[in-house]
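*Asks:* Structure file upload-v8.txt, compact mmCIF, C-alpha atoms, is pasted below:
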# COMPACT_ATOMS: atom_id res chain seq x y z
CA ALA A 892 28.13 115.36 -9.62
CA MET A 893 28.64 111.90 -11.01
CA GLY A 894 30.82 111.03 -13.97
CA ARG A 895 29.76 110.14 -17.49
CA LYS A 896 30.02 106.38 -17.62
CA PRO A 897 27.25 104.80 -19.71
CA HIS A 898 24.21 103.38 -18.02
CA LYS A 899 24.56 99.73 -17.09
CA LYS A 900 21.14 98.15 -17.18
CA SER A 901 19.85 96.12 -14.26
CA GLU A 902 20.21 92.36 -14.15
CA LEU A 903 16.71 92.08 -12.68
CA PRO A 904 14.27 90.05 -14.78
CA ARG A 905 12.33 92.04 -17.34
CA ALA A 906 8.62 91.64 -17.91
CA ALA A 907 9.03 92.07 -21.64
CA SER A 908 10.10 89.52 -24.23
CA PRO A 909 13.85 89.07 -24.81
CA ALA A 910 13.23 90.16 -28.41
CA LEU A 911 12.42 93.69 -27.24
CA VAL A 912 15.18 96.28 -27.27
CA GLU A 913 16.18 98.17 -24.12
CA PRO A 914 14.37 101.44 -24.90
CA GLU A 915 16.38 104.03 -23.00
CA SER A 916 19.79 103.01 -24.34
CA ALA A 917 18.43 102.70 -27.90
CA LEU A 918 16.79 106.11 -27.63
CA VAL A 919 20.00 107.68 -26.37
CA LYS A 920 21.89 106.13 -29.29
CA THR A 921 19.35 107.87 -31.53
CA LEU A 922 20.01 111.23 -29.88
CA VAL A 923 23.77 110.75 -30.16
CA GLU A 924 23.46 109.96 -33.87
CA ILE A 925 21.38 113.12 -34.35
CA ARG A 926 24.00 115.16 -32.50
CA ASN A 927 26.63 113.74 -34.87
CA ASN A 928 24.42 114.56 -37.87
CA ARG A 929 24.07 110.86 -38.77
CA LEU A 930 20.35 111.10 -39.39
CA ASP A 931 19.94 107.85 -41.34
CA ALA A 932 21.61 105.92 -38.52
CA ALA A 933 19.42 107.77 -36.00
CA LEU A 934 16.31 106.72 -37.90
CA VAL A 935 17.42 103.08 -37.78
CA GLU A 936 17.88 103.29 -34.01
CA VAL A 937 14.56 104.99 -33.28
CA GLU A 938 12.71 102.49 -35.47
CA LYS A 939 14.17 99.70 -33.31
CA VAL A 940 12.60 101.39 -30.28
CA LEU A 941 9.22 101.82 -31.96
CA ALA A 942 9.18 98.24 -33.23
CA SER A 943 9.16 97.10 -29.59
CA TYR A 944 7.41 100.10 -27.98
CA PRO A 945 5.06 101.71 -30.54
CA ASN A 946 3.43 103.86 -27.84
CA PHE A 947 6.72 105.56 -26.82
CA ARG A 948 5.71 109.17 -27.51
CA LEU A 949 9.20 110.63 -27.35
CA ALA A 950 10.45 108.08 -29.88
CA ASN A 951 7.52 108.90 -32.18
CA LEU A 952 8.33 112.60 -31.94
CA ILE A 953 11.97 111.96 -32.83
CA LYS A 954 11.01 109.77 -35.78
CA GLY A 955 8.72 112.51 -37.09
CA ASP A 956 11.56 115.02 -36.86
CA LEU A 957 13.94 112.68 -38.67
CA LEU A 958 11.48 112.22 -41.52
CA LEU A 959 10.93 115.98 -41.67
CA ALA A 960 14.70 116.49 -41.79
CA ARG A 961 14.76 114.92 -45.25
CA SER A 962 13.21 118.10 -46.59
CA ARG A 963 14.73 120.74 -44.31
CA PRO A 964 17.48 121.07 -41.66
CA LEU A 965 16.74 119.68 -38.20
CA ARG A 966 17.35 122.37 -35.57
CA GLU A 967 15.66 120.97 -32.46
CA LEU A 968 13.22 118.31 -31.31
CA GLY A 969 9.56 118.80 -32.05
CA GLU A 970 9.65 120.82 -35.26
CA ALA A 971 6.71 119.08 -36.89
CA PRO A 972 4.00 121.56 -38.03
CA ASN A 973 1.04 122.05 -35.67
CA ALA A 974 2.70 120.09 -32.85
CA PRO A 975 1.26 121.22 -29.47
CA ARG A 976 3.98 123.39 -27.92
CA ASP A 977 3.31 122.36 -24.32
CA ARG A 978 3.47 118.64 -25.11
CA VAL A 979 6.56 119.10 -27.25
CA GLU A 980 8.35 120.91 -24.43
CA ASP A 981 7.45 118.08 -22.03
CA LEU A 982 8.98 115.56 -24.45
CA ARG A 983 12.10 117.70 -24.87
CA ASP A 984 12.47 117.60 -21.09
CA GLU A 985 12.18 113.82 -21.18
CA ALA A 986 14.87 113.62 -23.85
CA ARG A 987 17.22 115.77 -21.75
CA VAL A 988 16.59 113.74 -18.61
CA ARG A 989 17.06 110.38 -20.32
CA LEU A 990 20.29 111.50 -21.97
CA ALA A 991 21.61 112.73 -18.61
CA ARG A 992 20.61 109.46 -16.95
CA TYR A 993 22.42 107.43 -19.55
CA GLN A 994 25.62 109.43 -19.11
CA ARG A 995 25.58 109.39 -15.32
CA GLU A 996 27.83 106.99 -13.44
CA ARG A 997 25.91 104.43 -11.39
CA PRO A 998 26.53 104.35 -7.60
CA THR A 999 27.68 100.74 -7.61
CA ASP A 1000 30.20 101.31 -4.81
CA ARG A 1001 28.54 104.21 -2.98
CA VAL A 1002 25.66 104.53 -0.53
CA PRO A 1003 23.56 107.68 0.01
CA LYS A 1004 24.50 109.43 3.23
CA PHE A 1005 21.03 108.93 4.73
CA LEU A 1006 20.98 105.19 3.92
CA VAL A 1007 23.76 103.85 6.12
CA GLN A 1008 22.15 100.74 7.55
CA LEU A 1009 18.90 98.82 7.09
CA ASN A 1010 17.00 96.69 9.59
CA PRO A 1011 17.17 92.95 8.80
CA GLU A 1012 13.47 92.80 7.88
CA GLN A 1013 13.84 95.60 5.33
CA LYS A 1014 14.84 93.72 2.22
CA HIS A 1015 15.05 96.70 -0.13
CA ALA A 1016 15.08 100.48 -0.14
CA LEU A 1017 13.65 102.52 -3.01
CA ILE A 1018 15.18 105.99 -3.31
CA VAL A 1019 13.71 108.58 -5.66
CA ASP A 1020 16.13 111.33 -6.65
CA THR A 1021 13.71 113.98 -7.84
CA ARG A 1022 16.39 116.11 -9.51
CA GLU A 1023 17.50 113.16 -11.63
CA SER A 1024 13.99 111.76 -12.25
CA THR A 1025 15.42 108.44 -11.11
CA LEU A 1026 14.36 105.71 -8.71
CA TYR A 1027 17.27 103.72 -7.26
CA VAL A 1028 16.81 100.22 -5.85
CA TYR A 1029 19.10 99.11 -3.01
CA GLU A 1030 19.17 95.57 -1.60
CA ASN A 1031 19.78 94.81 2.07
CA ARG A 1032 22.77 92.46 2.39
CA ASN A 1033 23.45 91.73 6.06
CA GLY A 1034 22.33 95.21 7.04
CA GLU A 1035 24.31 96.99 4.33
CA PRO A 1036 22.57 98.56 1.31
CA HIS A 1037 23.87 97.60 -2.14
CA TYR A 1038 22.88 99.20 -5.42
CA VAL A 1039 20.77 96.93 -7.66
CA ALA A 1040 19.21 99.02 -10.43
CA ASP A 1041 17.65 102.35 -11.31
CA TYR A 1042 14.70 103.54 -13.38
CA TYR A 1043 13.38 106.71 -14.98
CA VAL A 1044 10.41 108.20 -13.11
CA THR A 1045 7.87 110.98 -13.35
CA ILE A 1046 7.14 113.28 -10.40
CA GLY A 1047 4.62 116.06 -9.70
CA LYS A 1048 3.78 118.76 -12.26
CA ASN A 1049 4.84 121.47 -9.80
CA GLY A 1050 7.97 119.76 -8.51
CA VAL A 1051 8.59 118.70 -4.92
CA ASP A 1052 8.03 119.63 -1.25
CA LYS A 1053 4.34 118.85 -1.05
CA PHE A 1054 2.43 120.91 1.50
CA LYS A 1055 -1.30 120.69 0.79
CA GLU A 1056 -3.97 118.78 -1.09
CA GLY A 1057 -4.03 119.58 -4.78
CA ASP A 1058 -0.67 121.37 -5.03
CA LYS A 1059 0.52 118.74 -7.56
CA LYS A 1060 3.85 118.36 -5.76
CA THR A 1061 5.74 115.24 -4.72
CA PRO A 1062 6.60 115.01 -1.01
CA LEU A 1063 10.13 114.72 0.35
CA GLY A 1064 10.72 112.31 3.22
CA VAL A 1065 10.97 108.70 4.35
CA TYR A 1066 7.92 106.51 3.84
CA HIS A 1067 6.90 102.90 3.48
CA VAL A 1068 4.57 101.20 1.05
CA THR A 1069 1.21 100.48 2.68
CA ASP A 1070 -0.86 98.60 0.11
CA ASN A 1071 -0.95 96.85 -3.25
CA LEU A 1072 -3.63 97.90 -5.73
CA PRO A 1073 -3.80 95.61 -8.79
CA ARG A 1074 -4.66 96.80 -12.28
CA SER A 1075 -8.16 95.33 -11.99
CA LYS A 1076 -9.05 97.84 -9.24
CA LEU A 1077 -7.58 100.90 -10.95
CA ALA A 1078 -8.36 103.38 -13.68
CA ASP A 1079 -6.14 103.10 -16.75
CA LEU A 1080 -4.22 106.22 -15.63
CA TYR A 1081 -2.36 104.10 -13.05
CA GLY A 1082 -1.17 101.43 -15.45
CA SER A 1083 -0.17 97.97 -14.27
CA GLY A 1084 -0.54 98.64 -10.55
CA ALA A 1085 -0.24 101.11 -7.70
CA TYR A 1086 1.46 101.09 -4.30
CA PRO A 1087 0.26 103.79 -1.88
CA ILE A 1088 2.90 105.17 0.48
CA SER A 1089 2.62 106.45 4.06
CA TYR A 1090 2.36 110.17 3.27
CA PRO A 1091 1.77 112.16 5.36
CA ASN A 1092 3.99 110.61 8.03
CA GLU A 1093 4.18 111.87 11.60
CA PHE A 1094 6.89 114.39 10.76
CA ASP A 1095 4.81 115.75 7.89
CA LYS A 1096 1.82 116.20 10.18
CA ARG A 1097 3.90 118.09 12.76
CA GLU A 1098 5.07 120.37 9.95
CA GLY A 1099 1.48 121.07 9.00
CA ARG A 1100 1.69 119.22 5.69
CA GLY A 1101 -1.48 117.75 4.28
CA GLY A 1102 -2.90 115.94 1.30
CA LYS A 1103 -3.13 112.24 0.62
CA GLY A 1104 -3.09 109.66 -2.14
CA ILE A 1105 0.63 109.67 -2.97
CA TRP A 1106 1.35 106.45 -4.83
CA LEU A 1107 4.03 104.67 -6.76
CA HIS A 1108 2.24 103.58 -9.94
CA GLY A 1109 2.46 102.84 -13.65
CA VAL A 1110 1.32 104.75 -16.73
CA PRO A 1111 -1.72 104.60 -19.06
CA THR A 1112 -1.73 101.88 -21.70
CA ASP A 1113 -1.61 104.42 -24.55
CA THR A 1114 1.90 105.58 -23.62
CA TYR A 1115 5.23 103.99 -22.74
CA SER A 1116 6.26 106.72 -20.30
CA ARG A 1117 5.29 110.19 -19.07
CA PRO A 1118 7.40 113.39 -19.04
CA PRO A 1119 9.60 114.10 -15.99
CA ARG A 1120 7.00 116.39 -14.38
CA ALA A 1121 3.51 115.21 -15.25
CA SER A 1122 1.80 113.60 -12.23
CA ASP A 1123 -0.44 115.09 -9.55
CA GLY A 1124 2.28 114.34 -6.97
CA CYS A 1125 2.73 110.60 -7.33
CA VAL A 1126 5.84 108.83 -8.62
CA ALA A 1127 5.14 107.09 -11.93
CA LEU A 1128 7.27 104.50 -13.74
CA THR A 1129 6.77 102.70 -17.03
CA ASN A 1130 4.54 99.65 -16.55
CA GLU A 1131 7.47 97.42 -17.47
CA ASP A 1132 9.71 98.93 -14.79
CA LEU A 1133 6.96 98.87 -12.18
CA ASP A 1134 6.47 95.17 -12.85
CA VAL A 1135 10.18 94.55 -12.31
CA ILE A 1136 10.12 96.36 -8.97
CA ALA A 1137 7.02 94.36 -7.99
CA TYR A 1138 9.07 91.22 -8.63
CA LEU A 1139 11.43 92.08 -5.78
CA GLU A 1140 10.49 89.91 -2.83
CA ALA A 1141 7.19 89.16 -4.62
CA LEU A 1142 6.05 92.67 -3.75
CA GLY A 1143 2.61 92.24 -5.23
CA ARG A 1144 1.86 89.17 -3.08
CA ARG A 1145 3.55 89.97 0.25
CA LEU A 1146 3.41 93.73 0.52
CA ILE A 1147 0.52 94.14 2.93
CA ASP A 1148 1.89 91.72 5.52
CA ALA A 1149 5.40 93.13 5.14
CA SER A 1150 4.27 96.70 5.67
CA LYS A 1151 2.49 95.74 8.89
CA SER A 1152 5.31 93.75 10.41
CA GLY A 1153 8.52 95.41 9.34
CA GLN A 1154 7.89 97.61 6.34
CA ASP A 1155 9.82 95.44 3.91
CA PHE A 1156 10.23 98.35 1.50
CA GLU A 1157 11.51 101.70 2.75
CA PHE A 1158 10.68 104.50 0.35
CA PHE A 1159 12.87 107.61 0.34
CA LEU A 1160 11.85 110.69 -1.62
CA VAL A 1161 14.76 113.11 -1.84
CA ARG A 1162 15.51 116.34 -3.68
CA ASP A 1163 18.90 115.12 -4.89
CA SER A 1164 21.60 112.58 -4.06
Taking this structure as input, can you express it in the form of structure tokens?
*Replies:*
Amino acid sequence: AMGRKPHKKSELPRAASPALVEPESALVKTLVEIRNNRLDAALVEVEKVLASYPNFRLANLIKGDLLLARSRPLRELGEAPNAPRDRVEDLRDEARVRLARYQRERPTDRVPKFLVQLNPEQKHALIVDTRESTLYVYENRNGEPHYVADYYVTIGKNGVDKFKEGDKKTPLGVYHVTDNLPRSKLADLYGSGAYPISYPNEFDKREGRGGKGIWLHGVPTDTYSRPPRASDGCVALTNEDLDVIAYLEALGRRLIDASKSGQDFEFFLVRDS
């Protein structure tokens, strides 16, 4: 297990305006203030988030609870009357995951055991830790991987270890990105873009694993993020974070050629680190 050093946000360029707050750290500050029973301070923090990201559902849920707490004690998230229980539980899971992510030490001086060396043409590796709901970005520096940034992600509704079409699970394995689908060619569900990956690979086929259509993609425009387990097997990021990843090596413009001639982006889906 990693330590509890605060999350250090990436130095990669952000798609959003500099005036916007960093949502995860501000949301975690809100949760910490609630834990310390400083509800007025918590309300100030969550309103900062919503001023920049009004479609952040978890932040809206927390604000509703804080307003409700003015008339009765706040015992847990999602106490508003008539709130759908299944959706509330999903948002509670997101709150737990984001708080854990914020407290986790970043692997700035460590490399995953399966990512020892990269080929020169592989500029970056994207590693999804499904237990942590986190995508890590590593940069290839003279063959050695170096940590760059990490992002909250959503995986399949039924967890991992995909085996067949329709099981709503995210596969585990090593893949590469095979295409670039812009927003103009996608339904709103996929957000700002989608990057299909090479599932099933040859190993998957030998194991008898099937299914198709596993993508790295964004989220619908009516929400900032999705709960930790909410996709049909794909890996989903916020549109803002997906746009930052697309910036790496001009992913959106060069991806097809790179995947044919060297698979510029290696994509690792793992159960845990």
*Asks:* Near Ala971 (chain A), within 10 Å and counting only C-alpha atoms, which residues show up once chain neighbours fewer than 4 positions away are dropped, as a list of chain:residue names?
*Replies:*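 The residues that qualify are A:Leu952, A:Ile953, A:Gly955, A:Asp956, A:Leu957, A:Leu958, A:Leu959, A:Ala960, A:Pro975, A:Val979.
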*Asks:* Measuring atom to atom with all atoms listed in the file, identify which of A:Gln1008, A:Thr1045, A:Asn1033, A:Asn946 is nearest to Glu985 (chain A).
*Replies:*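 When distances to Glu985 (chain A) are compared using all atoms listed in the file, the smallest one comes from A:Thr1045.
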*Asks:* Nearest to Thr1025 (chain A) among A:Thr1112, A:Thr1129, A:Thr1069, A:Ser916, with distances taken over all atoms listed in the file: which residue is it?
*Replies:* A:Thr1129
*Asks:* Between A:Arg948, A:His1037, A:Lys1059, A:Arg997, which has the minimum distance to Gly1102 (chain A) (counting all atoms listed in the file)?
*Replies:*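 Ranking A:Arg948, A:His1037, A:Lys1059, A:Arg997 by distance to Gly1102 (chain A), first place goes to A:Lys1059.
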*Asks:* Between CA of Asn1071 (chain A) and CA of Ala1127 (chain A), what is the distance, to one decimal in Å?
*Replies:*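 About the pair CA of Asn1071 (chain A) and CA of Ala1127 (chain A): they are 14.7 Å apart.
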*Asks:* To one decimal in Å, tell me the separation between CA of Pro1118 (chain A) and CA of Asn927 (chain A).
*Replies:*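 So the answer is 24.9 Å.
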*Asks:* Expressed in Å to a single decimal, how great is the separation between CA of Pro1003 (chain A) and CA of Ala991 (chain A)?
*Replies:*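 That distance, rounded to one decimal, is 19.4 Å.
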*Asks:* Tell me which of A:His1067, A:Lys1076, A:Arg989, A:Arg929 sits closest to Ile1105 (chain A), counting all atoms listed in the file.
*Replies:* A:His1067
*Asks:* Of the candidates A:Leu990, A:Leu949, A:Ala942, A:Leu982, which shows the shortest atom-to-atom distance to Leu922 (chain A), using all atoms listed in the file?
*Replies:*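 The closest residue to Leu922 (chain A) is A:Leu990.
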*Asks:* Using all atoms listed in the file, give me every residue within 12 Å of (2.7, 99.4, -16.9) in file coordinates, as a PyMOL selection string.
*Replies:* chain A and resi 906-907+946+1073-1074+1077+1079-1085+1107-1117+1127-1137
*Asks:* Using all atoms listed in the file, can you list as a ChimeraX atom specification the residues within 9 Å of (19.3, 115.7, -13.3)?
*Replies:* /A:987-988,991-992,1020-1025,1163
*Asks:* Do you know which residues are at most 7 Å from Val1051 (chain A) counting all atoms listed in the file, after dropping those on the same chain fewer than 6 positions away, and could you put them as a list of chain:residue names?
*Replies:* A:Lys1060, A:Thr1061, A:Pro1062, A:Leu1063
*Asks:* Near Gly1047 (chain A), counting only C-alpha atoms, which residues have an atom at most 8 Å away, once you skip same-chain residues fewer than 6 positions from it, shown as a list of chain:residue names?
*Replies:*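 Counting only the stated atoms, we get A:Lys1059, A:Lys1060, A:Thr1061, A:Arg1120, A:Ala1121, A:Ser1122, A:Asp1123, A:Gly1124, A:Cys1125, A:Val1126.
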